[in-house]
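Source file: my_file.txt (compact mmCIF, N, CA and C atoms and all ligand atoms)
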```txt
# COMPACT_ATOMS: atom_id res chain seq x y z
N MET A 1 45.08 33.65 -2.84
CA MET A 1 44.88 34.33 -1.56
C MET A 1 43.74 33.67 -0.78
N GLN A 2 43.97 33.44 0.49
CA GLN A 2 42.95 32.83 1.34
C GLN A 2 41.85 33.87 1.67
N PRO A 3 40.59 33.43 1.79
CA PRO A 3 39.51 34.36 2.13
C PRO A 3 39.81 35.20 3.37
N ILE A 4 40.39 34.60 4.38
CA ILE A 4 40.61 35.33 5.63
C ILE A 4 41.61 36.48 5.43
N GLU A 5 42.54 36.31 4.49
CA GLU A 5 43.48 37.40 4.18
C GLU A 5 42.74 38.57 3.54
N LEU A 6 41.80 38.26 2.65
CA LEU A 6 41.01 39.30 2.00
C LEU A 6 40.14 40.02 3.05
N VAL A 7 39.60 39.25 3.99
CA VAL A 7 38.78 39.83 5.06
C VAL A 7 39.63 40.79 5.90
N ARG A 8 40.86 40.39 6.20
CA ARG A 8 41.75 41.26 6.98
C ARG A 8 42.04 42.56 6.24
N LEU A 9 42.24 42.46 4.92
CA LEU A 9 42.50 43.67 4.13
C LEU A 9 41.29 44.60 4.13
N ALA A 10 40.09 44.01 4.09
CA ALA A 10 38.87 44.83 4.16
C ALA A 10 38.78 45.52 5.52
N GLU A 11 39.12 44.81 6.57
CA GLU A 11 39.09 45.41 7.92
C GLU A 11 40.09 46.56 8.02
N GLU A 12 41.26 46.38 7.43
CA GLU A 12 42.28 47.44 7.44
C GLU A 12 41.83 48.65 6.64
N ALA A 13 41.13 48.39 5.52
CA ALA A 13 40.70 49.48 4.62
C ALA A 13 39.71 50.41 5.32
N ARG A 14 39.07 49.94 6.37
CA ARG A 14 38.14 50.79 7.15
C ARG A 14 38.85 52.00 7.74
N ASP A 15 40.14 51.88 7.98
CA ASP A 15 40.88 52.98 8.62
C ASP A 15 40.80 54.27 7.82
N ALA A 16 40.62 54.14 6.49
CA ALA A 16 40.58 55.34 5.64
C ALA A 16 39.16 55.85 5.42
N ALA A 17 38.17 55.17 6.00
CA ALA A 17 36.77 55.56 5.74
C ALA A 17 36.54 57.02 6.13
N TYR A 18 35.79 57.71 5.26
CA TYR A 18 35.40 59.10 5.54
C TYR A 18 33.90 59.07 5.81
N ALA A 19 33.55 58.98 7.08
CA ALA A 19 32.14 58.77 7.46
C ALA A 19 31.73 59.69 8.61
N PRO A 20 31.88 61.04 8.42
CA PRO A 20 31.57 61.96 9.53
C PRO A 20 30.08 62.08 9.82
N TYR A 21 29.22 61.65 8.91
CA TYR A 21 27.78 61.83 9.09
C TYR A 21 27.12 60.61 9.72
N SER A 22 27.52 59.41 9.28
CA SER A 22 26.90 58.20 9.83
C SER A 22 27.70 57.63 10.98
N GLY A 23 29.01 57.88 11.00
CA GLY A 23 29.85 57.22 12.00
C GLY A 23 29.92 55.72 11.78
N PHE A 24 29.64 55.30 10.56
CA PHE A 24 29.64 53.86 10.21
C PHE A 24 30.78 53.64 9.21
N TYR A 25 31.78 52.89 9.64
CA TYR A 25 33.03 52.79 8.87
C TYR A 25 33.10 51.45 8.15
N VAL A 26 33.25 51.52 6.81
CA VAL A 26 33.22 50.31 5.99
C VAL A 26 34.50 50.21 5.16
N GLY A 27 35.01 49.00 5.05
CA GLY A 27 36.16 48.72 4.18
C GLY A 27 35.83 47.53 3.29
N ALA A 28 36.46 47.52 2.12
CA ALA A 28 36.26 46.40 1.19
C ALA A 28 37.60 46.06 0.56
N ALA A 29 37.76 44.80 0.18
CA ALA A 29 38.96 44.36 -0.53
C ALA A 29 38.51 43.45 -1.66
N LEU A 30 38.85 43.84 -2.88
CA LEU A 30 38.37 43.18 -4.10
C LEU A 30 39.52 42.42 -4.76
N LEU A 31 39.35 41.11 -4.88
CA LEU A 31 40.37 40.27 -5.52
C LEU A 31 40.03 40.12 -7.00
N CYS A 32 40.96 40.54 -7.86
CA CYS A 32 40.76 40.48 -9.30
C CYS A 32 41.33 39.18 -9.87
N ALA A 33 40.87 38.84 -11.07
CA ALA A 33 41.39 37.64 -11.74
C ALA A 33 42.89 37.78 -12.01
N SER A 34 43.37 39.02 -12.12
CA SER A 34 44.80 39.29 -12.33
C SER A 34 45.64 38.94 -11.10
N GLY A 35 44.96 38.74 -9.96
CA GLY A 35 45.67 38.48 -8.70
C GLY A 35 45.83 39.73 -7.86
N LYS A 36 45.58 40.90 -8.46
CA LYS A 36 45.71 42.15 -7.70
C LYS A 36 44.50 42.36 -6.79
N VAL A 37 44.74 43.03 -5.68
CA VAL A 37 43.66 43.37 -4.75
C VAL A 37 43.53 44.89 -4.71
N TYR A 38 42.30 45.37 -4.85
CA TYR A 38 42.01 46.80 -4.71
C TYR A 38 41.15 46.97 -3.47
N THR A 39 41.54 47.88 -2.61
CA THR A 39 40.75 48.14 -1.41
C THR A 39 39.93 49.40 -1.61
N GLY A 40 38.91 49.56 -0.78
CA GLY A 40 38.08 50.76 -0.83
C GLY A 40 37.45 51.02 0.52
N CYS A 41 37.01 52.26 0.71
CA CYS A 41 36.30 52.63 1.94
C CYS A 41 35.08 53.47 1.56
N ASN A 42 34.16 53.64 2.50
CA ASN A 42 33.03 54.52 2.21
C ASN A 42 33.48 55.97 2.31
N ILE A 43 32.91 56.79 1.43
CA ILE A 43 33.27 58.20 1.33
C ILE A 43 31.97 58.99 1.34
N GLU A 44 31.68 59.65 2.47
CA GLU A 44 30.39 60.33 2.62
C GLU A 44 30.48 61.77 2.12
N ASN A 45 29.30 62.39 2.04
CA ASN A 45 29.21 63.75 1.53
C ASN A 45 28.10 64.49 2.28
N ALA A 46 28.32 65.77 2.52
CA ALA A 46 27.32 66.57 3.25
C ALA A 46 25.97 66.56 2.55
N ALA A 47 25.97 66.40 1.24
CA ALA A 47 24.71 66.35 0.48
C ALA A 47 24.13 64.93 0.47
N LEU A 48 24.77 64.03 1.18
CA LEU A 48 24.35 62.64 1.41
C LEU A 48 24.31 61.76 0.16
N SER A 49 23.56 62.15 -0.87
CA SER A 49 23.41 61.22 -2.00
C SER A 49 24.72 60.98 -2.78
N PRO A 50 25.69 61.89 -2.78
CA PRO A 50 26.96 61.56 -3.46
C PRO A 50 27.80 60.52 -2.70
N THR A 51 27.36 60.10 -1.54
CA THR A 51 28.13 59.11 -0.76
C THR A 51 28.41 57.86 -1.58
N ASN A 52 29.64 57.36 -1.45
CA ASN A 52 30.02 56.14 -2.16
C ASN A 52 30.36 55.05 -1.15
N CYS A 53 29.79 53.88 -1.35
CA CYS A 53 30.08 52.76 -0.45
C CYS A 53 31.49 52.22 -0.69
N ALA A 54 31.99 51.52 0.30
CA ALA A 54 33.33 50.94 0.22
C ALA A 54 33.47 49.97 -0.96
N GLU A 55 32.43 49.18 -1.17
CA GLU A 55 32.49 48.18 -2.24
C GLU A 55 32.63 48.84 -3.60
N ARG A 56 31.81 49.90 -3.81
CA ARG A 56 31.89 50.58 -5.10
C ARG A 56 33.20 51.32 -5.25
N THR A 57 33.74 51.86 -4.17
CA THR A 57 35.05 52.50 -4.27
C THR A 57 36.07 51.49 -4.77
N ALA A 58 36.05 50.29 -4.21
CA ALA A 58 37.00 49.25 -4.63
C ALA A 58 36.78 48.87 -6.10
N PHE A 59 35.52 48.68 -6.49
CA PHE A 59 35.23 48.32 -7.88
C PHE A 59 35.66 49.42 -8.83
N PHE A 60 35.35 50.67 -8.49
CA PHE A 60 35.66 51.75 -9.43
C PHE A 60 37.17 51.98 -9.53
N LYS A 61 37.87 51.78 -8.44
CA LYS A 61 39.33 51.86 -8.52
C LYS A 61 39.85 50.79 -9.48
N ALA A 62 39.34 49.57 -9.33
CA ALA A 62 39.84 48.45 -10.14
C ALA A 62 39.47 48.62 -11.61
N VAL A 63 38.21 48.95 -11.86
CA VAL A 63 37.76 49.09 -13.26
C VAL A 63 38.52 50.23 -13.94
N SER A 64 38.76 51.30 -13.20
CA SER A 64 39.46 52.44 -13.80
C SER A 64 40.94 52.15 -14.04
N GLU A 65 41.43 51.06 -13.46
CA GLU A 65 42.81 50.62 -13.75
C GLU A 65 42.83 49.53 -14.82
N GLY A 66 41.65 49.26 -15.41
CA GLY A 66 41.60 48.31 -16.52
C GLY A 66 41.21 46.89 -16.14
N GLU A 67 40.96 46.64 -14.86
CA GLU A 67 40.57 45.29 -14.43
C GLU A 67 39.15 44.98 -14.93
N ARG A 68 38.95 43.75 -15.39
CA ARG A 68 37.62 43.36 -15.85
C ARG A 68 37.19 41.99 -15.30
N GLY A 69 38.11 41.25 -14.69
CA GLY A 69 37.76 39.94 -14.14
C GLY A 69 37.85 39.99 -12.62
N PHE A 70 36.81 39.47 -11.94
CA PHE A 70 36.76 39.59 -10.49
C PHE A 70 36.43 38.25 -9.85
N VAL A 71 37.10 37.94 -8.76
CA VAL A 71 36.98 36.63 -8.10
C VAL A 71 36.15 36.73 -6.83
N ALA A 72 36.44 37.72 -6.00
CA ALA A 72 35.81 37.79 -4.68
C ALA A 72 35.98 39.19 -4.09
N ILE A 73 35.06 39.52 -3.17
CA ILE A 73 35.20 40.77 -2.41
C ILE A 73 34.96 40.46 -0.94
N ALA A 74 35.73 41.10 -0.08
CA ALA A 74 35.49 41.01 1.36
C ALA A 74 35.01 42.37 1.84
N ILE A 75 34.10 42.36 2.81
CA ILE A 75 33.49 43.60 3.31
C ILE A 75 33.51 43.57 4.84
N ALA A 76 33.87 44.70 5.44
CA ALA A 76 33.86 44.80 6.90
C ALA A 76 33.29 46.16 7.27
N GLY A 77 32.28 46.21 8.11
CA GLY A 77 31.70 47.50 8.47
C GLY A 77 31.12 47.52 9.87
N GLY A 78 31.04 48.73 10.42
CA GLY A 78 30.44 48.91 11.73
C GLY A 78 30.84 50.25 12.33
N ARG A 79 30.28 50.54 13.51
CA ARG A 79 30.57 51.82 14.17
C ARG A 79 31.84 51.76 15.02
N ASP A 80 32.12 50.59 15.54
CA ASP A 80 33.22 50.45 16.49
C ASP A 80 34.51 50.04 15.79
N LYS A 81 35.62 50.15 16.54
CA LYS A 81 36.90 49.76 15.98
C LYS A 81 36.90 48.27 15.62
N GLU A 82 36.35 47.47 16.50
CA GLU A 82 36.24 46.03 16.22
C GLU A 82 34.93 45.76 15.49
N ILE A 83 34.97 44.83 14.54
CA ILE A 83 33.74 44.43 13.85
C ILE A 83 32.93 43.54 14.80
N LYS A 84 31.65 43.89 14.96
CA LYS A 84 30.80 43.10 15.87
C LYS A 84 29.66 42.40 15.14
N GLU A 85 29.25 42.99 14.01
CA GLU A 85 28.13 42.42 13.25
C GLU A 85 28.47 42.45 11.77
N PRO A 86 27.86 41.55 10.99
CA PRO A 86 28.11 41.56 9.55
C PRO A 86 27.52 42.79 8.88
N CYS A 87 28.18 43.27 7.83
CA CYS A 87 27.70 44.41 7.02
C CYS A 87 27.55 43.92 5.59
N PRO A 88 26.40 43.36 5.25
CA PRO A 88 26.22 42.88 3.88
C PRO A 88 26.11 44.05 2.90
N PRO A 89 26.48 43.84 1.64
CA PRO A 89 26.48 44.96 0.68
C PRO A 89 25.09 45.49 0.39
N CYS A 90 25.00 46.80 0.16
CA CYS A 90 23.70 47.42 -0.17
C CYS A 90 23.26 47.01 -1.57
N GLY A 91 22.03 47.32 -1.91
CA GLY A 91 21.47 46.92 -3.20
C GLY A 91 22.19 47.55 -4.38
N VAL A 92 22.61 48.80 -4.23
CA VAL A 92 23.30 49.47 -5.33
C VAL A 92 24.63 48.77 -5.60
N CYS A 93 25.35 48.42 -4.55
CA CYS A 93 26.64 47.73 -4.73
C CYS A 93 26.43 46.34 -5.33
N ARG A 94 25.36 45.67 -4.95
CA ARG A 94 25.07 44.36 -5.55
C ARG A 94 24.86 44.50 -7.05
N GLN A 95 24.18 45.58 -7.45
CA GLN A 95 23.93 45.81 -8.87
C GLN A 95 25.23 46.10 -9.61
N VAL A 96 26.12 46.85 -8.98
CA VAL A 96 27.43 47.13 -9.60
C VAL A 96 28.21 45.82 -9.74
N MET A 97 28.14 44.96 -8.73
CA MET A 97 28.80 43.65 -8.83
C MET A 97 28.24 42.87 -10.01
N ALA A 98 26.90 42.93 -10.19
CA ALA A 98 26.26 42.17 -11.26
C ALA A 98 26.71 42.65 -12.64
N GLU A 99 27.11 43.90 -12.74
CA GLU A 99 27.57 44.43 -14.03
C GLU A 99 28.88 43.77 -14.46
N PHE A 100 29.74 43.47 -13.47
CA PHE A 100 31.09 43.03 -13.79
C PHE A 100 31.41 41.59 -13.43
N CYS A 101 30.53 40.94 -12.66
CA CYS A 101 30.89 39.63 -12.09
C CYS A 101 29.93 38.53 -12.52
N ASP A 102 30.44 37.31 -12.52
CA ASP A 102 29.59 36.14 -12.77
C ASP A 102 28.78 35.83 -11.51
N LEU A 103 27.80 34.93 -11.69
CA LEU A 103 26.91 34.59 -10.57
C LEU A 103 27.65 33.90 -9.43
N ASP A 104 28.81 33.29 -9.73
CA ASP A 104 29.56 32.59 -8.68
C ASP A 104 30.60 33.47 -8.00
N PHE A 105 30.58 34.77 -8.30
CA PHE A 105 31.45 35.73 -7.60
C PHE A 105 31.22 35.60 -6.09
N LEU A 106 32.32 35.57 -5.33
CA LEU A 106 32.22 35.31 -3.89
C LEU A 106 32.23 36.60 -3.07
N ILE A 107 31.39 36.64 -2.06
CA ILE A 107 31.27 37.80 -1.18
C ILE A 107 31.47 37.34 0.26
N TYR A 108 32.54 37.82 0.89
CA TYR A 108 32.84 37.46 2.27
C TYR A 108 32.47 38.65 3.16
N VAL A 109 31.64 38.41 4.14
CA VAL A 109 31.19 39.48 5.03
C VAL A 109 31.73 39.22 6.43
N SER A 110 32.60 40.12 6.88
CA SER A 110 33.26 39.91 8.18
C SER A 110 32.28 39.95 9.35
N ARG A 111 32.51 39.06 10.29
CA ARG A 111 31.78 39.07 11.57
C ARG A 111 32.72 39.44 12.71
N GLY A 112 33.98 39.76 12.36
CA GLY A 112 34.98 40.09 13.37
C GLY A 112 35.60 38.84 13.97
N GLN A 113 36.72 39.04 14.63
CA GLN A 113 37.44 37.96 15.32
C GLN A 113 37.72 36.77 14.41
N GLY A 114 38.06 37.08 13.15
CA GLY A 114 38.45 36.02 12.22
C GLY A 114 37.30 35.23 11.63
N ARG A 115 36.07 35.67 11.93
CA ARG A 115 34.92 34.94 11.38
C ARG A 115 34.31 35.75 10.22
N TYR A 116 33.72 35.03 9.29
CA TYR A 116 33.07 35.72 8.17
C TYR A 116 32.02 34.80 7.55
N ASP A 117 31.02 35.43 6.89
CA ASP A 117 30.00 34.68 6.15
C ASP A 117 30.37 34.70 4.67
N THR A 118 30.03 33.63 3.97
CA THR A 118 30.34 33.53 2.55
C THR A 118 29.05 33.42 1.75
N TYR A 119 28.95 34.24 0.70
CA TYR A 119 27.80 34.20 -0.22
C TYR A 119 28.32 34.21 -1.65
N THR A 120 27.46 33.75 -2.55
CA THR A 120 27.72 34.02 -3.97
C THR A 120 26.84 35.20 -4.38
N LEU A 121 27.21 35.84 -5.50
CA LEU A 121 26.40 36.95 -5.98
C LEU A 121 24.99 36.47 -6.31
N SER A 122 24.85 35.27 -6.83
CA SER A 122 23.50 34.78 -7.17
C SER A 122 22.64 34.63 -5.93
N GLN A 123 23.25 34.37 -4.77
CA GLN A 123 22.47 34.30 -3.53
C GLN A 123 21.98 35.68 -3.10
N LEU A 124 22.85 36.69 -3.27
CA LEU A 124 22.51 38.03 -2.77
C LEU A 124 21.73 38.87 -3.78
N LEU A 125 21.76 38.47 -5.06
CA LEU A 125 21.02 39.24 -6.07
C LEU A 125 20.39 38.28 -7.08
N PRO A 126 19.37 37.53 -6.64
CA PRO A 126 18.71 36.62 -7.58
C PRO A 126 17.85 37.39 -8.58
N GLU A 127 17.63 36.82 -9.73
CA GLU A 127 16.77 37.43 -10.76
C GLU A 127 17.18 38.87 -11.06
N SER A 128 18.47 39.08 -11.23
CA SER A 128 18.95 40.45 -11.41
C SER A 128 18.70 40.96 -12.83
N PHE A 129 18.66 42.27 -12.94
CA PHE A 129 18.59 42.93 -14.24
C PHE A 129 20.01 43.17 -14.71
N GLY A 130 20.31 42.71 -15.92
CA GLY A 130 21.68 42.88 -16.41
C GLY A 130 21.73 43.12 -17.90
N LYS A 131 22.96 43.15 -18.42
CA LYS A 131 23.14 43.52 -19.82
C LYS A 131 22.45 42.57 -20.78
N ASN A 132 22.25 41.30 -20.37
CA ASN A 132 21.58 40.33 -21.25
C ASN A 132 20.14 40.74 -21.56
N LYS A 133 19.55 41.52 -20.64
CA LYS A 133 18.15 41.96 -20.85
C LYS A 133 18.06 43.06 -21.92
N LEU A 134 19.16 43.71 -22.21
CA LEU A 134 19.14 44.83 -23.15
C LEU A 134 19.43 44.39 -24.58
N LYS A 135 19.64 43.08 -24.77
CA LYS A 135 19.96 42.59 -26.13
C LYS A 135 18.74 42.67 -27.03
N1 LIG B 201 27.99 51.56 3.44
C1 LIG B 201 28.98 50.93 2.72
O1 LIG B 201 30.05 51.50 2.50
N2 LIG B 201 28.76 49.67 2.29
C2 LIG B 201 27.63 48.94 2.55
O2 LIG B 201 27.51 47.83 2.07
C3 LIG B 201 26.57 49.51 3.38
C4 LIG B 201 26.70 50.95 3.70
C5 LIG B 201 28.23 52.91 3.95
C6 LIG B 201 27.45 54.00 3.28
C7 LIG B 201 27.42 55.04 4.35
O3 LIG B 201 28.61 55.80 4.29
C8 LIG B 201 27.43 54.25 5.66
O4 LIG B 201 27.89 52.96 5.31
C9 LIG B 201 26.09 54.17 6.34
O5 LIG B 201 25.11 53.74 5.48
```
Translate the structure described by the file into structure tokens.
Amino acid sequence: MQPIELVRLAEEARDAAYAPYSGFYVGAALLCASGKVYTGCNIENAALSPTNCAERTAFFKAVSEGERGFVAIAIAGGRDKEIKEPCPPCGVCRQVMAEFCDLDFLIYVSRGQGRYDTYTLSQLLPESFGKNKLK
């Protein structure tokens, strides 16, 4: 799958976002080593802290279906229907990525109009705390 296709799926996944409190709509599309793509959206809560980001929704859907290998995730977020600015993943989502992904896991952040930024997980979460530290 081409990165731009994954970015488009993330943009589409925004349509399901439940964001009545922030008005900030995020979608994610996670490409697994199996070739399957799991999408996710942000799901907010009146108590605020139970809110789940789009990226974690996609990861938890995939992991709960037995997926363990991950290639790339695309993320698209913003207030408007069209994406105008990049929405890089929050720190909690980066940590969840670090649990399941190698350092070369790819993160595509939509800029709208077919443009996107590309990062590796090691760029976005250097010196991370992970399972190797617990040995
Ligand atoms: N949000 C995400 O879904 N992903 C991110 O990477 C950043 C933030 C959501 C959480 C909340 O519902 C809204 O965007 C505003 O923070």
Problem set entry | Residue neighbourhood Asp117 in chain A, 6 Å, only N, CA and C atoms, exclusion window fewer than 4 positions, as a PyMOL selection string | chain A and resi 107-111
List every residue of chain A that has an atom at most 5 Å from any atom of ligand LIG 201 (chain B), and for each one report the closest atom pair and its distance in Å to one decimal, counting only N, CA and C atoms and all ligand atoms, with rows sorted by chain and then by increasing residue number, as JSON lines.
```
{"residue": "A:Phe24", "atom": "C", "partner": "B:LIG201", "partner_atom": "O4", "distance": 4.9}
{"residue": "A:Val26", "atom": "CA", "partner": "B:LIG201", "partner_atom": "O1", "distance": 4.9}
{"residue": "A:Asn42", "atom": "CA", "partner": "B:LIG201", "partner_atom": "O1", "distance": 4.3}
{"residue": "A:Cys53", "atom": "CA", "partner": "B:LIG201", "partner_atom": "O1", "distance": 3.2}
{"residue": "A:Ala54", "atom": "N", "partner": "B:LIG201", "partner_atom": "O1", "distance": 2.9}
{"residue": "A:Glu55", "atom": "N", "partner": "B:LIG201", "partner_atom": "O1", "distance": 5.0}
{"residue": "A:Pro88", "atom": "C", "partner": "B:LIG201", "partner_atom": "O2", "distance": 4.1}
{"residue": "A:Pro89", "atom": "CA", "partner": "B:LIG201", "partner_atom": "O2", "distance": 3.4}
{"residue": "A:Cys90", "atom": "N", "partner": "B:LIG201", "partner_atom": "O2", "distance": 3.3}
```
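Our summary of the geometry notes that CA of Thr51 in chain A is positioned 16.3 Å from CA of Gly78 in chain A.
Remark: for Leu30 in chain A, the closest of the candidate residues A:Gly69, A:Pro50, A:Pro86, A:Gly91 is A:Gly69 (distances computed over only C-alpha atoms).
Minimum atom-to-atom distances from A:Leu9, A:Ala19, A:Ile73, A:Val92 to Ile43 in chain A were compared using all atoms listed in the file, and the lowest value belongs to A:Ala19.
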Exercise. What separation in Å, quoted to one decimal, exists between CA of Phe100 in chain A and CA of Val71 in chain A?
Worked result: 10.4 Å
Exercise. Which residues come within 7 Å of Ala28 in chain A, counting only C-alpha atoms, excluding same-chain residues fewer than 4 positions away, as a ChimeraX atom specification?
Worked result: /A:10,13,39-41,54-55,58,73-76
Problem set entry | Using only C-alpha atoms: which of A:Arg94, A:Lys135, A:Arg56, A:Arg14 has the shortest distance to Thr120 in chain A | A:Arg94
Exercise. What residues in range 38-131 of chain A get the DSSP label alpha helix (DSSP H)? Please answer as a VMD selection string.
Worked result: chain A and resid 54 to 64 91 to 100 121 to 124
Please produce range 88-103 of chain A, completed to N, CA, C and O atoms, as a compact mmCIF listing (two decimals), keeping the file's coordinate frame.
```
# COMPACT_ATOMS: atom_id res chain seq x y z
N PRO A 88 26.40 43.36 5.25
CA PRO A 88 26.22 42.88 3.88
C PRO A 88 26.11 44.05 2.90
O PRO A 88 25.72 45.15 3.31
N PRO A 89 26.48 43.84 1.64
CA PRO A 89 26.48 44.96 0.68
C PRO A 89 25.09 45.49 0.39
O PRO A 89 24.11 44.73 0.35
N CYS A 90 25.00 46.80 0.16
CA CYS A 90 23.70 47.42 -0.17
C CYS A 90 23.26 47.01 -1.57
O CYS A 90 24.05 46.46 -2.36
N GLY A 91 22.03 47.32 -1.91
CA GLY A 91 21.47 46.92 -3.20
C GLY A 91 22.19 47.55 -4.38
O GLY A 91 22.36 46.90 -5.42
N VAL A 92 22.61 48.80 -4.23
CA VAL A 92 23.30 49.47 -5.33
C VAL A 92 24.63 48.77 -5.60
O VAL A 92 25.00 48.52 -6.76
N CYS A 93 25.35 48.42 -4.55
CA CYS A 93 26.64 47.73 -4.73
C CYS A 93 26.43 46.34 -5.33
O CYS A 93 27.23 45.89 -6.15
N ARG A 94 25.36 45.67 -4.95
CA ARG A 94 25.07 44.36 -5.55
C ARG A 94 24.86 44.50 -7.05
O ARG A 94 25.28 43.68 -7.84
N GLN A 95 24.18 45.58 -7.45
CA GLN A 95 23.93 45.81 -8.87
C GLN A 95 25.23 46.10 -9.61
O GLN A 95 25.43 45.64 -10.74
N VAL A 96 26.12 46.85 -8.98
CA VAL A 96 27.43 47.13 -9.60
C VAL A 96 28.21 45.82 -9.74
O VAL A 96 28.84 45.56 -10.77
N MET A 97 28.14 44.96 -8.73
CA MET A 97 28.80 43.65 -8.83
C MET A 97 28.24 42.87 -10.01
O MET A 97 28.99 42.24 -10.78
N ALA A 98 26.90 42.93 -10.19
CA ALA A 98 26.26 42.17 -11.26
C ALA A 98 26.71 42.65 -12.64
O ALA A 98 26.70 41.88 -13.60
N GLU A 99 27.11 43.90 -12.74
CA GLU A 99 27.57 44.43 -14.03
C GLU A 99 28.88 43.77 -14.46
O GLU A 99 29.11 43.53 -15.64
N PHE A 100 29.74 43.47 -13.47
CA PHE A 100 31.09 43.03 -13.79
C PHE A 100 31.41 41.59 -13.43
O PHE A 100 32.46 41.08 -13.81
N CYS A 101 30.53 40.94 -12.66
CA CYS A 101 30.89 39.63 -12.09
C CYS A 101 29.93 38.53 -12.52
O CYS A 101 28.76 38.79 -12.78
N ASP A 102 30.44 37.31 -12.52
CA ASP A 102 29.59 36.14 -12.77
C ASP A 102 28.78 35.83 -11.51
O ASP A 102 29.07 36.32 -10.42
N LEU A 103 27.80 34.93 -11.69
CA LEU A 103 26.91 34.59 -10.57
C LEU A 103 27.65 33.90 -9.43
O LEU A 103 27.19 33.91 -8.29
```
